[in-house]
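start.cif follows; it contains mmCIF, C-alpha atoms.
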data_query
#
loop_
_atom_site.label_atom_id
_atom_site.label_comp_id
_atom_site.auth_asym_id
_atom_site.auth_seq_id
_atom_site.Cartn_x
_atom_site.Cartn_y
_atom_site.Cartn_z
CA MET A 1 42.49 -19.95 -38.19
CA VAL A 2 41.72 -19.73 -34.47
CA PRO A 3 37.97 -19.35 -33.88
CA ASN A 4 36.70 -16.38 -31.85
CA PHE A 5 36.16 -17.30 -28.23
CA ASP A 6 33.12 -15.85 -26.45
CA PRO A 7 33.29 -16.50 -22.67
CA ASP A 8 29.66 -15.46 -22.30
CA SER A 9 28.68 -18.47 -24.40
CA LEU A 10 29.93 -20.89 -21.73
CA THR A 11 27.45 -22.57 -19.44
CA PHE A 12 29.54 -21.39 -16.48
CA GLY A 13 31.31 -18.08 -15.78
CA TRP A 14 30.45 -14.56 -14.64
CA VAL A 15 26.93 -13.76 -13.47
CA THR A 16 25.84 -10.12 -13.16
CA ILE A 17 22.79 -9.10 -11.13
CA PRO A 18 21.24 -6.42 -13.33
CA GLN A 19 18.99 -4.38 -11.02
CA TRP A 20 19.79 -4.31 -7.28
CA PRO A 21 23.54 -3.85 -6.61
CA ALA A 22 23.56 -0.02 -6.56
CA ARG A 23 20.61 0.19 -4.17
CA ALA A 24 21.88 -2.64 -1.99
CA ALA A 25 25.48 -1.27 -2.01
CA VAL A 26 26.80 -4.82 -2.55
CA ILE A 27 28.89 -6.17 -5.45
CA GLY A 28 26.52 -7.69 -8.02
CA ARG A 29 28.95 -9.86 -10.01
CA PHE A 30 30.21 -13.33 -9.14
CA TRP A 31 31.54 -16.53 -10.75
CA SER A 32 29.19 -19.50 -10.86
CA LEU A 33 29.19 -23.01 -12.28
CA GLU A 34 25.42 -22.56 -12.64
CA LYS A 35 25.52 -19.61 -15.01
CA LYS A 36 22.87 -21.09 -17.28
CA ASN A 37 20.42 -21.49 -14.40
CA TRP A 38 21.16 -17.96 -13.23
CA GLN A 39 20.35 -16.65 -16.69
CA LEU A 40 17.07 -18.50 -16.51
CA VAL A 41 16.24 -16.99 -13.12
CA LEU A 42 17.30 -13.47 -14.06
CA GLY A 43 15.58 -13.54 -17.43
CA SER A 44 12.05 -12.28 -17.92
CA SER A 45 10.64 -15.34 -19.66
CA LEU A 46 9.52 -17.10 -16.47
CA PRO A 47 6.89 -15.76 -14.07
CA THR A 48 8.20 -14.89 -10.60
CA ALA A 49 6.57 -17.92 -8.97
CA GLN A 50 8.54 -20.28 -11.23
CA LYS A 51 11.87 -18.65 -10.34
CA ILE A 52 11.62 -19.41 -6.63
CA PHE A 53 12.42 -23.13 -6.75
CA PRO A 54 15.52 -22.79 -9.00
CA LEU A 55 16.81 -20.02 -6.68
CA GLN A 56 16.38 -22.26 -3.64
CA VAL A 57 18.40 -24.96 -5.45
CA LEU A 58 21.11 -22.41 -6.31
CA TYR A 59 21.21 -21.27 -2.67
CA SER A 60 21.57 -24.81 -1.31
CA GLN A 61 24.17 -26.01 -3.85
CA THR A 62 26.68 -23.14 -3.94
CA LEU A 63 29.60 -22.76 -1.55
CA ASP A 64 30.35 -19.22 -2.68
CA SER A 65 29.11 -16.66 -0.11
CA THR A 66 28.38 -13.97 -2.72
CA GLU A 67 26.33 -16.33 -4.84
CA LYS A 68 24.52 -17.58 -1.75
CA PHE A 69 23.81 -13.96 -0.67
CA TRP A 70 22.25 -13.06 -4.02
CA SER A 71 20.17 -16.23 -4.00
CA ALA A 72 18.73 -15.31 -0.59
CA PHE A 73 18.38 -11.65 -1.57
CA LEU A 74 16.36 -12.39 -4.71
CA LEU A 75 14.23 -14.95 -2.90
CA GLU A 76 13.38 -12.24 -0.35
CA ARG A 77 12.40 -9.86 -3.18
CA PHE A 78 10.31 -12.47 -4.99
CA TYR A 79 8.41 -13.50 -1.85
CA LEU A 80 7.68 -9.84 -1.11
CA ASP A 81 6.35 -9.39 -4.64
CA ALA A 82 4.17 -12.47 -4.09
CA GLY A 83 2.67 -10.93 -0.93
CA LEU A 84 4.28 -13.40 1.47
CA PRO A 85 6.15 -11.23 4.01
CA ALA A 86 6.82 -13.99 6.54
CA GLN A 87 8.64 -16.15 3.96
CA ALA A 88 10.43 -13.05 2.67
CA ARG A 89 11.68 -12.31 6.15
CA GLN A 90 13.23 -15.78 6.47
CA TRP A 91 15.30 -15.19 3.37
CA ARG A 92 16.12 -11.63 4.43
CA SER A 93 17.59 -12.97 7.66
CA ARG A 94 19.73 -15.46 5.72
CA ALA A 95 20.95 -12.73 3.38
CA LEU A 96 21.89 -10.44 6.28
CA LEU A 97 23.93 -13.23 7.87
CA LEU A 98 26.00 -13.36 4.68
CA ARG A 99 26.39 -9.64 3.88
CA SER A 100 25.77 -6.36 5.68
CA CYS A 101 23.18 -4.56 3.57
CA ASP A 102 21.55 -1.33 4.77
CA PHE A 103 18.70 -1.69 2.29
CA LEU A 104 17.74 -5.09 3.74
CA LEU A 105 18.21 -3.83 7.30
CA LEU A 106 15.71 -1.08 6.55
CA ASP A 107 13.26 -3.70 5.30
CA GLU A 108 13.72 -5.72 8.49
CA LEU A 109 13.23 -2.65 10.68
CA TRP A 110 10.12 -1.72 8.71
CA TYR A 111 8.72 -5.25 9.06
CA LEU A 112 9.25 -5.29 12.82
CA ALA A 113 7.88 -1.80 13.49
CA MET A 114 5.13 -1.40 10.91
CA ILE A 115 3.88 -4.94 10.26
CA GLN A 116 4.52 -6.89 13.45
CA ARG A 117 4.15 -3.72 15.60
CA ASP A 118 7.07 -4.88 17.71
CA GLN A 119 8.61 -1.45 18.25
CA LYS A 120 10.78 -2.62 21.13
CA ALA A 121 12.55 -5.20 18.94
CA ALA A 122 12.83 -2.69 16.10
CA ALA A 123 14.37 -0.08 18.42
CA ILE A 124 16.94 -2.59 19.69
CA LEU A 125 17.90 -3.51 16.12
CA TRP A 126 18.09 0.18 15.18
CA ARG A 127 20.51 0.97 17.98
CA ARG A 128 22.80 -1.80 16.76
CA ASN A 129 22.69 -0.49 13.18
CA SER A 130 21.91 3.23 13.52
CA SER A 131 24.21 4.54 10.75
CA LEU A 132 22.29 3.33 7.70
CA GLN A 133 23.50 4.75 4.37
CA LEU A 134 20.75 4.73 1.75
CA SER A 135 21.07 6.08 -1.78
CA ASP A 136 17.44 5.79 -2.84
CA ALA A 137 15.19 8.77 -1.98
CA ARG A 138 12.25 6.47 -1.21
CA ASP A 139 14.37 4.49 1.23
CA ARG A 140 15.48 7.68 2.98
CA SER A 141 11.86 8.77 3.31
CA ARG A 142 10.94 5.39 4.80
CA LEU A 143 13.87 5.66 7.18
CA ALA A 144 12.75 9.10 8.39
CA LEU A 145 9.20 7.86 8.99
CA LEU A 146 10.50 4.75 10.76
CA ARG A 147 12.72 6.83 13.03
CA GLN A 148 9.78 9.04 14.00
CA THR A 149 7.60 6.01 14.69
CA LEU A 150 10.20 4.40 16.94
CA PHE A 151 11.53 7.36 18.89
CA LEU A 152 9.27 10.42 18.70
CA SER A 153 6.36 10.78 21.10
CA LYS A 154 4.44 13.45 22.95
CA ILE A 155 3.27 14.19 26.47
CA ASP A 156 -0.16 15.75 25.98
CA LEU A 157 -0.86 18.45 28.55
CA PRO A 158 -4.50 19.38 27.75
CA SER A 159 -5.50 15.80 28.59
CA GLN A 160 -4.35 16.61 32.16
CA GLY A 161 -6.21 19.93 32.30
CA LEU A 162 -3.09 21.97 31.48
CA ASP A 163 -2.46 24.37 28.61
CA SER A 164 -0.05 23.24 25.88
CA TYR A 165 2.27 26.28 26.09
CA VAL A 166 5.27 25.18 28.14
CA SER A 167 7.29 27.90 29.88
CA THR A 168 9.69 25.78 31.96
CA LEU A 169 10.75 22.20 32.74
CA SER A 170 12.75 20.83 35.65
CA LEU A 171 13.88 17.30 36.58
CA ASP A 172 13.88 15.92 40.11
CA LEU A 173 15.32 12.39 39.85
CA ASP A 174 12.45 10.50 38.16
CA ASP A 175 9.95 13.36 38.31
CA LEU A 176 9.40 15.91 35.56
CA TRP A 177 8.10 19.27 36.79
CA ILE A 178 6.17 21.29 34.23
CA GLY A 179 5.24 24.97 34.20
CA THR A 180 2.97 26.50 31.55
CA TRP A 181 2.41 29.92 30.06
CA ASN A 182 -1.03 30.20 31.65
CA GLY A 183 0.17 29.36 35.14
CA GLY A 184 -0.23 25.58 35.24
CA LEU A 185 2.12 23.56 37.46
CA ALA A 186 2.33 19.77 37.47
CA ARG A 187 4.58 16.83 38.30
CA LEU A 188 4.82 13.72 36.13
CA SER A 189 6.50 10.54 37.36
CA LEU A 190 8.59 9.26 34.46
CA VAL A 191 8.59 5.80 36.03
CA SER A 192 4.94 5.23 36.89
CA GLY A 193 3.29 7.81 34.61
CA GLU A 194 1.40 9.23 37.60
CA TRP A 195 0.38 12.91 37.42
CA LEU A 196 0.07 15.45 40.22
CA VAL A 197 -1.43 18.75 39.04
CA LEU A 198 -0.64 21.38 41.68
CA GLU A 199 -2.03 24.43 39.89
CA ARG A 200 -4.52 24.64 37.05
CA PRO A 201 -4.05 27.17 34.24
CA LYS A 202 -5.61 30.57 34.75
CA THR A 203 -8.23 32.01 32.42
CA GLN A 204 -5.77 34.76 31.43
CA VAL A 205 -2.10 34.62 30.53
CA SER A 206 -0.12 34.41 33.78
CA PRO A 207 3.16 32.64 33.03
CA LEU A 208 4.92 30.39 35.48
CA ARG A 209 8.36 31.75 34.64
CA LEU A 210 10.68 29.16 36.24
CA ILE A 211 10.62 26.08 38.47
CA LYS A 212 13.51 25.13 40.75
CA VAL A 213 13.44 21.89 42.72
CA THR A 214 15.46 21.10 45.85
CA ARG A 215 15.39 18.06 48.08
CA TRP A 216 12.54 19.44 50.18
CA PHE A 217 10.95 22.22 48.14
CA VAL A 218 9.66 23.27 44.74
CA TYR A 219 10.09 26.98 43.99
CA ALA A 220 7.68 28.45 41.42
CA PHE A 221 8.50 31.95 40.10
CA LYS A 222 5.56 33.97 38.80
CA GLU A 223 4.90 37.54 37.71
CA LYS A 224 4.03 39.18 41.06
CA GLY A 225 5.93 36.91 43.45
CA PHE A 226 7.13 33.37 43.96
CA SER A 227 5.81 30.43 45.91
CA ARG A 228 7.39 27.46 47.64
CA TYR A 229 5.76 24.05 47.76
CA SER A 230 6.81 21.66 50.54
CA LYS A 231 7.15 18.05 49.43
CA VAL A 232 6.64 17.00 53.04
CA THR A 233 3.59 19.02 54.10
CA ARG A 234 2.26 19.55 50.56
CA GLY A 235 1.52 23.15 51.48
CA TRP A 236 2.41 26.45 49.82
CA LYS A 237 4.18 29.53 51.16
CA ASP A 238 4.31 32.82 49.24
CA PHE A 239 7.23 35.26 49.02
CA THR A 240 7.68 38.73 47.53
CA TYR A 241 10.23 40.21 45.13
CA PRO A 242 12.30 43.35 45.72
CA PRO A 243 10.53 46.61 44.81
CA ASN A 244 9.88 47.38 41.12
CA TRP A 245 10.50 43.81 40.01
CA SER A 246 8.64 41.90 37.34
CA GLY A 247 8.87 38.16 37.80
CA LEU A 248 8.54 37.72 34.05
CA ARG A 249 12.07 39.12 33.69
CA ILE A 250 13.63 36.49 35.93
CA GLN A 251 15.85 34.60 33.50
CA SER A 252 17.60 32.00 35.65
CA VAL A 253 17.70 30.64 39.20
CA SER A 254 20.46 28.52 40.77
CA VAL A 255 20.10 26.68 44.08
CA GLN A 256 22.90 26.88 46.66
CA ASP A 257 20.96 25.16 49.44
CA GLU A 258 17.35 24.60 50.50
CA GLU A 259 16.74 28.27 51.32
CA LYS A 260 19.47 30.08 49.41
CA LEU A 261 18.96 30.93 45.76
CA TRP A 262 20.83 33.00 43.18
CA VAL A 263 18.55 34.87 40.78
CA ALA A 264 19.43 36.41 37.40
CA HIS A 265 17.12 39.31 36.47
CA LEU A 266 16.97 41.08 33.13
CA GLY A 267 17.10 44.70 34.27
CA GLN A 268 17.90 44.31 37.97
CA GLY A 269 21.16 42.31 37.85
CA LEU A 270 22.28 39.39 40.01
CA TRP A 271 20.57 38.88 43.39
CA CYS A 272 20.77 36.43 46.29
CA TRP A 273 17.69 35.27 48.18
CA ASP A 274 18.66 33.82 51.56
CA SER A 275 15.91 32.61 53.91
CA GLY A 276 13.52 35.32 52.80
CA GLN A 277 16.07 38.16 52.53
CA TRP A 278 17.12 39.71 49.21
CA SER A 279 20.56 41.23 48.52
CA LEU A 280 22.07 42.67 45.34
CA ALA A 281 25.32 41.03 44.19
CA ASN A 282 26.43 43.47 41.47
CA GLU A 283 29.52 44.73 43.31
CA ALA A 284 31.47 45.48 40.12
CA GLY A 285 28.51 46.83 38.19
CA VAL A 286 29.06 44.17 35.51
CA SER A 287 25.55 44.43 34.08
CA LEU A 288 21.97 44.82 35.21
CA PHE A 289 20.87 42.63 32.31
CA VAL A 290 21.68 39.13 33.53
CA ASN A 291 20.33 36.11 31.63
CA SER A 292 21.91 33.15 33.42
CA VAL A 293 23.53 32.18 36.71
CA VAL A 294 24.91 28.74 37.63
CA LEU A 295 27.02 27.58 40.57
CA ASP A 296 30.18 25.57 39.90
CA ALA A 297 31.72 22.90 42.14
CA GLN A 298 33.59 25.58 44.13
CA GLY A 299 30.40 27.52 44.86
CA ARG A 300 31.32 30.35 42.49
CA GLN A 301 28.62 32.06 40.44
CA LEU A 302 29.02 31.74 36.66
CA VAL A 303 27.11 34.65 35.19
CA GLY A 304 25.99 35.26 31.61
CA THR A 305 24.77 38.72 30.65
CA GLN A 306 22.72 40.05 27.77
CA ASP A 307 25.15 42.85 26.87
CA ASN A 308 28.51 42.22 28.57
CA GLY A 309 29.58 38.61 28.07
CA PHE A 310 30.54 35.95 30.61
CA TRP A 311 31.77 36.51 34.18
CA ILE A 312 32.79 34.51 37.25
CA ARG A 313 31.88 35.86 40.69
CA ASP A 314 33.93 34.46 43.59
CA SER A 315 33.31 35.89 47.08
CA GLY A 316 32.31 39.25 45.64
CA GLU A 317 35.20 39.43 43.17
CA TRP A 318 34.27 39.50 39.47
CA THR A 319 36.45 38.10 36.65
CA GLU A 320 35.57 38.36 32.97
CA VAL A 321 36.20 35.39 30.68
CA LYS A 322 37.14 37.27 27.51
CA ASN A 323 36.96 36.48 23.79
CA GLY A 324 33.61 34.72 24.10
CA PRO A 325 30.02 35.58 23.20
CA THR A 326 28.24 38.75 24.32
CA ASN A 327 24.54 37.88 24.65
CA ILE A 328 24.41 34.71 26.77
CA SER A 329 21.10 32.91 27.27
CA ALA A 330 21.99 29.68 29.14
CA ILE A 331 24.88 27.98 30.96
CA THR A 332 25.05 24.23 31.72
CA PRO A 333 28.01 22.12 32.97
CA SER A 334 28.98 18.75 31.53
CA PRO A 335 28.57 15.67 33.77
CA SER A 336 32.31 15.72 34.50
CA GLY A 337 32.11 19.41 35.38
CA ASP A 338 35.17 20.42 33.37
CA THR A 339 33.32 21.79 30.33
CA TRP A 340 30.50 24.33 30.17
CA ALA A 341 27.98 24.66 27.36
CA ILE A 342 27.15 28.33 26.82
CA GLY A 343 24.04 29.18 24.83
CA THR A 344 23.50 32.60 23.30
CA TRP A 345 20.79 34.71 21.80
CA GLY A 346 21.78 34.79 18.13
CA GLU A 347 25.47 33.87 18.54
CA GLY A 348 25.09 30.07 18.55
CA LEU A 349 26.37 27.58 21.11
CA TRP A 350 29.85 27.69 22.66
CA LEU A 351 31.86 25.34 24.85
CA MET A 352 34.18 26.69 27.54
CA LYS A 353 36.94 24.61 29.15
CA ASN A 354 39.69 26.09 31.34
CA GLN A 355 38.37 29.53 30.32
CA THR A 356 39.08 28.72 26.65
CA TRP A 357 36.25 29.02 24.13
CA GLN A 358 35.15 26.70 21.32
CA ARG A 359 32.32 27.85 19.08
CA LEU A 360 30.04 25.08 17.76
CA THR A 361 27.37 27.05 15.86
CA THR A 362 27.09 30.63 14.67
CA ASN A 363 23.59 32.06 14.68
CA ASP A 364 21.04 29.94 16.54
CA PHE A 365 18.99 31.35 19.42
CA VAL A 366 19.51 28.87 22.27
CA THR A 367 16.61 28.41 24.71
CA GLY A 368 17.80 25.39 26.72
CA ILE A 369 20.81 23.10 27.19
CA ASP A 370 21.38 19.66 28.70
CA TRP A 371 23.97 16.93 28.26
CA ASN A 372 23.88 13.34 26.99
CA GLY A 373 27.19 11.92 28.19
CA GLU A 374 29.95 14.34 27.25
CA ASN A 375 28.02 15.87 24.34
CA PRO A 376 25.52 18.71 24.76
CA TRP A 377 21.99 18.90 23.43
CA TRP A 378 20.46 22.33 22.98
CA GLY A 379 17.12 23.68 21.88
CA SER A 380 16.70 26.54 19.44
CA VAL A 381 13.90 28.97 18.70
CA ASP A 382 13.74 28.01 15.01
CA GLN A 383 16.20 25.14 14.41
CA GLY A 384 14.75 22.40 16.61
CA LEU A 385 17.21 20.35 18.66
CA LEU A 386 20.94 20.19 18.02
CA HIS A 387 23.55 17.82 19.40
CA GLY A 388 27.28 17.14 19.45
CA SER A 389 30.65 18.76 19.91
CA GLN A 390 32.98 17.45 17.18
CA HIS A 391 30.22 16.29 14.81
CA LEU A 392 26.90 18.10 14.93
CA SER A 393 23.51 16.51 14.28
CA SER A 394 20.01 17.90 14.56
CA LEU A 395 16.37 17.00 15.00
CA GLY A 396 13.82 19.21 13.32
CA VAL A 397 10.64 19.37 11.29
CA ARG A 398 11.96 16.73 8.85
CA ASP A 399 12.25 14.34 11.79
CA GLY A 400 8.65 14.94 12.82
CA LEU A 401 9.17 17.67 15.41
CA GLN A 402 6.41 20.25 15.47
CA ASP A 403 7.42 23.67 14.17
CA ALA A 404 6.63 25.30 17.48
CA GLY A 405 10.09 26.18 18.80
CA VAL A 406 11.82 24.78 21.87
CA THR A 407 11.12 26.66 25.09
CA ALA A 408 12.84 24.35 27.60
CA LEU A 409 14.95 21.19 27.48
CA VAL A 410 15.94 18.45 29.93
CA THR A 411 17.40 14.95 29.49
CA ARG A 412 17.08 11.83 31.61
CA ALA A 413 19.35 8.84 30.89
CA GLY A 414 19.68 9.89 27.26
CA ARG A 415 15.98 10.57 26.66
CA LEU A 416 15.07 14.14 25.63
CA TYR A 417 12.09 16.12 26.89
CA TRP A 418 11.39 19.57 25.48
CA GLY A 419 8.67 22.13 25.92
CA THR A 420 7.00 23.97 23.04
CA MET A 421 4.64 26.88 22.48
CA GLY A 422 1.34 25.21 21.75
CA GLN A 423 2.43 21.59 21.16
CA SER A 424 2.87 20.38 24.77
CA ILE A 425 6.05 18.32 25.44
CA GLY A 426 8.02 16.38 22.86
CA VAL A 427 9.97 13.22 23.74
CA TRP A 428 12.86 11.67 21.79
CA SER A 429 14.05 8.24 22.97
CA GLU A 430 16.66 7.22 20.37
CA ASN A 431 19.54 7.66 22.81
CA ASP A 432 17.99 5.95 25.83
CA ASP A 433 20.27 4.31 28.38
CA PRO A 434 19.32 0.60 28.17
CA LEU A 435 20.12 0.07 31.86
CA VAL A 436 17.39 2.54 32.76
CA TYR A 437 14.69 1.97 30.17
CA ARG A 438 14.91 -1.77 29.41
#
Since I need it in another form, could you write the structure as structure tokens?
Amino acid sequence: MVPNFDPDSLTFGWVTIPQWPARAAVIGRFWSLEKKNWQLVLGSSLPTAQKIFPLQVLYSQTLDSTEKFWSAFLLERFYLDAGLPAQARQWRSRALLLRSCDFLLLDELWYLAMIQRDQKAAAILWRRNSSLQLSDARDRSRLALLRQTLFLSKIDLPSQGLDSYVSTLSLDLDDLWIGTWNGGLARLSLVSGEWLVLERPKTQVSPLRLIKVTRWFVYAFKEKGFSRYSKVTRGWKDFTYPPNWSGLRIQSVSVQDEEKLWVAHLGQGLWCWDSGQWSLANEAGVSLFVNSVVLDAQGRQLVGTQDNGFWIRDSGEWTEVKNGPTNISAITPSPSGDTWAIGTWGEGLWLMKNQTWQRLTTNDFVTGIDWNGENPWWGSVDQGLLHGSQHLSSLGVRDGLQDAGVTALVTRAGRLYWGTMGQSIGVWSENDDPLVYR
């Protein structure tokens, strides 16, 4: 009679790691000539401290990469349990050289950012491994907190004597211009951090509706009129609106040259301001409710209305771009100029290329748009920040953003700046251009 053969009774053979493979997303079974020693290490009879030396021997003796990985992995776990994070990190580094493991990468990121407080090194490592896939809910929570710690910050306006309700933002190379709901106006150098507060907030609500910056001037649009600040003389000059205007209904301003502006007014239509003179540009009677105007490379006016869709004005001739959204809130060209991001009030975000529409979202209320490369970012009243064209992603309350809505949005070299109602200015730096910021 042939005796029964039990392969598990051999002193060598298959070793199965019982606890970590699912969480680490790495195969937890391998063949070893040291099966008996592995059973000793993985068993519960020995205290953790007495398992460390046999594991180090197993790591040094094996030539199998899987066995070597699990030796380093378990040594990292045991040293963490013993309260020795520096030694644990040494073994974590060795394990990561042998196998890509998102769970261990998260531990390394956490160690750098939260223990060593080396956020620069952690951010660099994150950007190299930004698509971590984690199955454990606790790991995902740690990842969310880590991401906030590394990339979310705030520009506090009350510390500069400004109110925290942002009405408008504008970029001028390395300078961020800020307008607030109570009439504050300031410039922040994004390079030096130097502030220049040009106007303090009023004691009553008096919104600074829009800021437009040219090479020589800063135009500030207010309720009763608008003012122009000279960068050279540092003096102000005031201008008036046409009769029966409210500056609070100015929705958009586009600069053609230093003293020629195109103004979209909700109720008065499209106007041109040229060296102090106003003229109405609604030749076709398209709509008096104009939300956005932008100039394209040919000098044409791209016009978004509240009630009549999207139009192109070229030398007084109006052409409708049909089959698109009706209530348009914002228009912004891509860096290449061949695609336009079109935000709406309740109809989501659209892309337009060669007068053909592509709808990205369906029901968000878009308050601001800017581009990071060839993908748009846009701010929403209640959905935070959204990004992408083929694959959408978002930043919201779960990512640490304050639930205060987005009132304005600009980007500089991949870094996002957005205004809020009552929470000053948020900053997200995950997509920074390394040539600019490091």
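Within the file as shown, the PyMOL selection byres ((chain A and resi 66) around 10) identifies Val26, Ile27, Gly28, Arg29, Phe30, Trp31, Ser32, Thr62, Leu63, Asp64, Ser65, Glu67, Lys68, Phe69, Trp70, Ser71, Ala72, Ala95, Leu98 and Arg99 of chain A.
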### Message
Evaluated on this file, the PyMOL selection byres ((chain A and resi 205-214) around 10) picks out some residues - which ones are they, written as a ChimeraX atom specification?
### Response
/A:165-172,177-185,201-204,215-224,226-231,247-259,261
Could you write out that same residue set with C-alpha atoms as an mmCIF file, in the frame of the given file?
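File written: again.cif
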data_model
loop_
_atom_site.group_PDB
_atom_site.id
_atom_site.type_symbol
_atom_site.label_atom_id
_atom_site.label_comp_id
_atom_site.auth_asym_id
_atom_site.auth_seq_id
_atom_site.Cartn_x
_atom_site.Cartn_y
_atom_site.Cartn_z
ATOM 1 C CA TYR A 165 2.270 26.280 26.090
ATOM 2 C CA VAL A 166 5.270 25.180 28.140
ATOM 3 C CA SER A 167 7.290 27.900 29.880
ATOM 4 C CA THR A 168 9.690 25.780 31.960
ATOM 5 C CA LEU A 169 10.750 22.200 32.740
ATOM 6 C CA SER A 170 12.750 20.830 35.650
ATOM 7 C CA LEU A 171 13.880 17.300 36.580
ATOM 8 C CA ASP A 172 13.880 15.920 40.110
ATOM 9 C CA TRP A 177 8.100 19.270 36.790
ATOM 10 C CA ILE A 178 6.170 21.290 34.230
ATOM 11 C CA GLY A 179 5.240 24.970 34.200
ATOM 12 C CA THR A 180 2.970 26.500 31.550
ATOM 13 C CA TRP A 181 2.410 29.920 30.060
ATOM 14 C CA ASN A 182 -1.030 30.200 31.650
ATOM 15 C CA GLY A 183 0.170 29.360 35.140
ATOM 16 C CA GLY A 184 -0.230 25.580 35.240
ATOM 17 C CA LEU A 185 2.120 23.560 37.460
ATOM 18 C CA PRO A 201 -4.050 27.170 34.240
ATOM 19 C CA LYS A 202 -5.610 30.570 34.750
ATOM 20 C CA THR A 203 -8.230 32.010 32.420
ATOM 21 C CA GLN A 204 -5.770 34.760 31.430
ATOM 22 C CA ARG A 215 15.390 18.060 48.080
ATOM 23 C CA TRP A 216 12.540 19.440 50.180
ATOM 24 C CA PHE A 217 10.950 22.220 48.140
ATOM 25 C CA VAL A 218 9.660 23.270 44.740
ATOM 26 C CA TYR A 219 10.090 26.980 43.990
ATOM 27 C CA ALA A 220 7.680 28.450 41.420
ATOM 28 C CA PHE A 221 8.500 31.950 40.100
ATOM 29 C CA LYS A 222 5.560 33.970 38.800
ATOM 30 C CA GLU A 223 4.900 37.540 37.710
ATOM 31 C CA LYS A 224 4.030 39.180 41.060
ATOM 32 C CA PHE A 226 7.130 33.370 43.960
ATOM 33 C CA SER A 227 5.810 30.430 45.910
ATOM 34 C CA ARG A 228 7.390 27.460 47.640
ATOM 35 C CA TYR A 229 5.760 24.050 47.760
ATOM 36 C CA SER A 230 6.810 21.660 50.540
ATOM 37 C CA LYS A 231 7.150 18.050 49.430
ATOM 38 C CA GLY A 247 8.870 38.160 37.800
ATOM 39 C CA LEU A 248 8.540 37.720 34.050
ATOM 40 C CA ARG A 249 12.070 39.120 33.690
ATOM 41 C CA ILE A 250 13.630 36.490 35.930
ATOM 42 C CA GLN A 251 15.850 34.600 33.500
ATOM 43 C CA SER A 252 17.600 32.000 35.650
ATOM 44 C CA VAL A 253 17.700 30.640 39.200
ATOM 45 C CA SER A 254 20.460 28.520 40.770
ATOM 46 C CA VAL A 255 20.100 26.680 44.080
ATOM 47 C CA GLN A 256 22.900 26.880 46.660
ATOM 48 C CA ASP A 257 20.960 25.160 49.440
ATOM 49 C CA GLU A 258 17.350 24.600 50.500
ATOM 50 C CA GLU A 259 16.740 28.270 51.320
ATOM 51 C CA LEU A 261 18.960 30.930 45.760
#
Written as a short mmCIF file (atom, residue, chain, number, x, y, z; two decimals) with C-alpha atoms, in the coordinates of the input, what is the full residue list that the PyMOL selection byres ((chain A and resi 191) around 10) yields on the file shown?
data_model
loop_
_atom_site.label_atom_id
_atom_site.label_comp_id
_atom_site.auth_asym_id
_atom_site.auth_seq_id
_atom_site.Cartn_x
_atom_site.Cartn_y
_atom_site.Cartn_z
CA ASP A 174 12.45 10.50 38.16
CA ASP A 175 9.95 13.36 38.31
CA LEU A 188 4.82 13.72 36.13
CA SER A 189 6.50 10.54 37.36
CA LEU A 190 8.59 9.26 34.46
CA SER A 192 4.94 5.23 36.89
CA GLY A 193 3.29 7.81 34.61
CA GLU A 194 1.40 9.23 37.60
CA VAL A 436 17.39 2.54 32.76
CA TYR A 437 14.69 1.97 30.17
#
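Within the 9 Å cut-off around segment 38-55 of chain A, using only C-alpha atoms and omitting residues fewer than 2 positions from it on the same chain, the listed residues are Val15, Ile17, Pro18, Ser32, Glu34, Lys35, Lys36, Val57, Leu58, Tyr59, Ser60, Ser71, Ala72, Leu74, Leu75, Phe78, Tyr79, Asp81 and Ala82 of chain A.
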### Message
So that I can check the surroundings of Leu104 of chain A, please list as a list in words every protein, DNA and RNA residue that reaches within 10 Å of it, counting only C-alpha atoms and ignoring chain neighbours fewer than 3 positions away.
### Response
Arg23, Ala24, Phe73, Glu76, Arg77, Arg89, Arg92, Ser93, Ala95, Leu96, Arg99, Ser100, Cys101, Asp107, Glu108, Leu109 and Trp110 of chain A
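The smallest atom-to-atom distance between Val397 of chain A and any of A:Ala144, A:Val290, A:Leu33, A:Asp136, using all atoms listed in the file, is found for A:Ala144.
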### Message
Measuring between only C-alpha atoms, which one of A:Ala297, A:Leu360, A:Leu401, A:Val366 shows the shortest distance to Ser389 of chain A?
### Response
A:Leu360
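One distance worth recording is that between atom CA of Trp357 of chain A and atom CA of Leu280 of chain A, which is 28.9 Å.
Going from atom CA of Gly405 of chain A over to atom CA of Thr344 of chain A, you cover 15.5 Å.
Picture a line from atom CA of Asp238 of chain A to atom CA of Gly269 of chain A; it runs 22.4 Å.
Proximity to Lys120 of chain A was assessed for A:Val286, A:Leu150, A:Trp20, A:Ile425 counting only C-alpha atoms; the smallest distance is recorded for A:Leu150.
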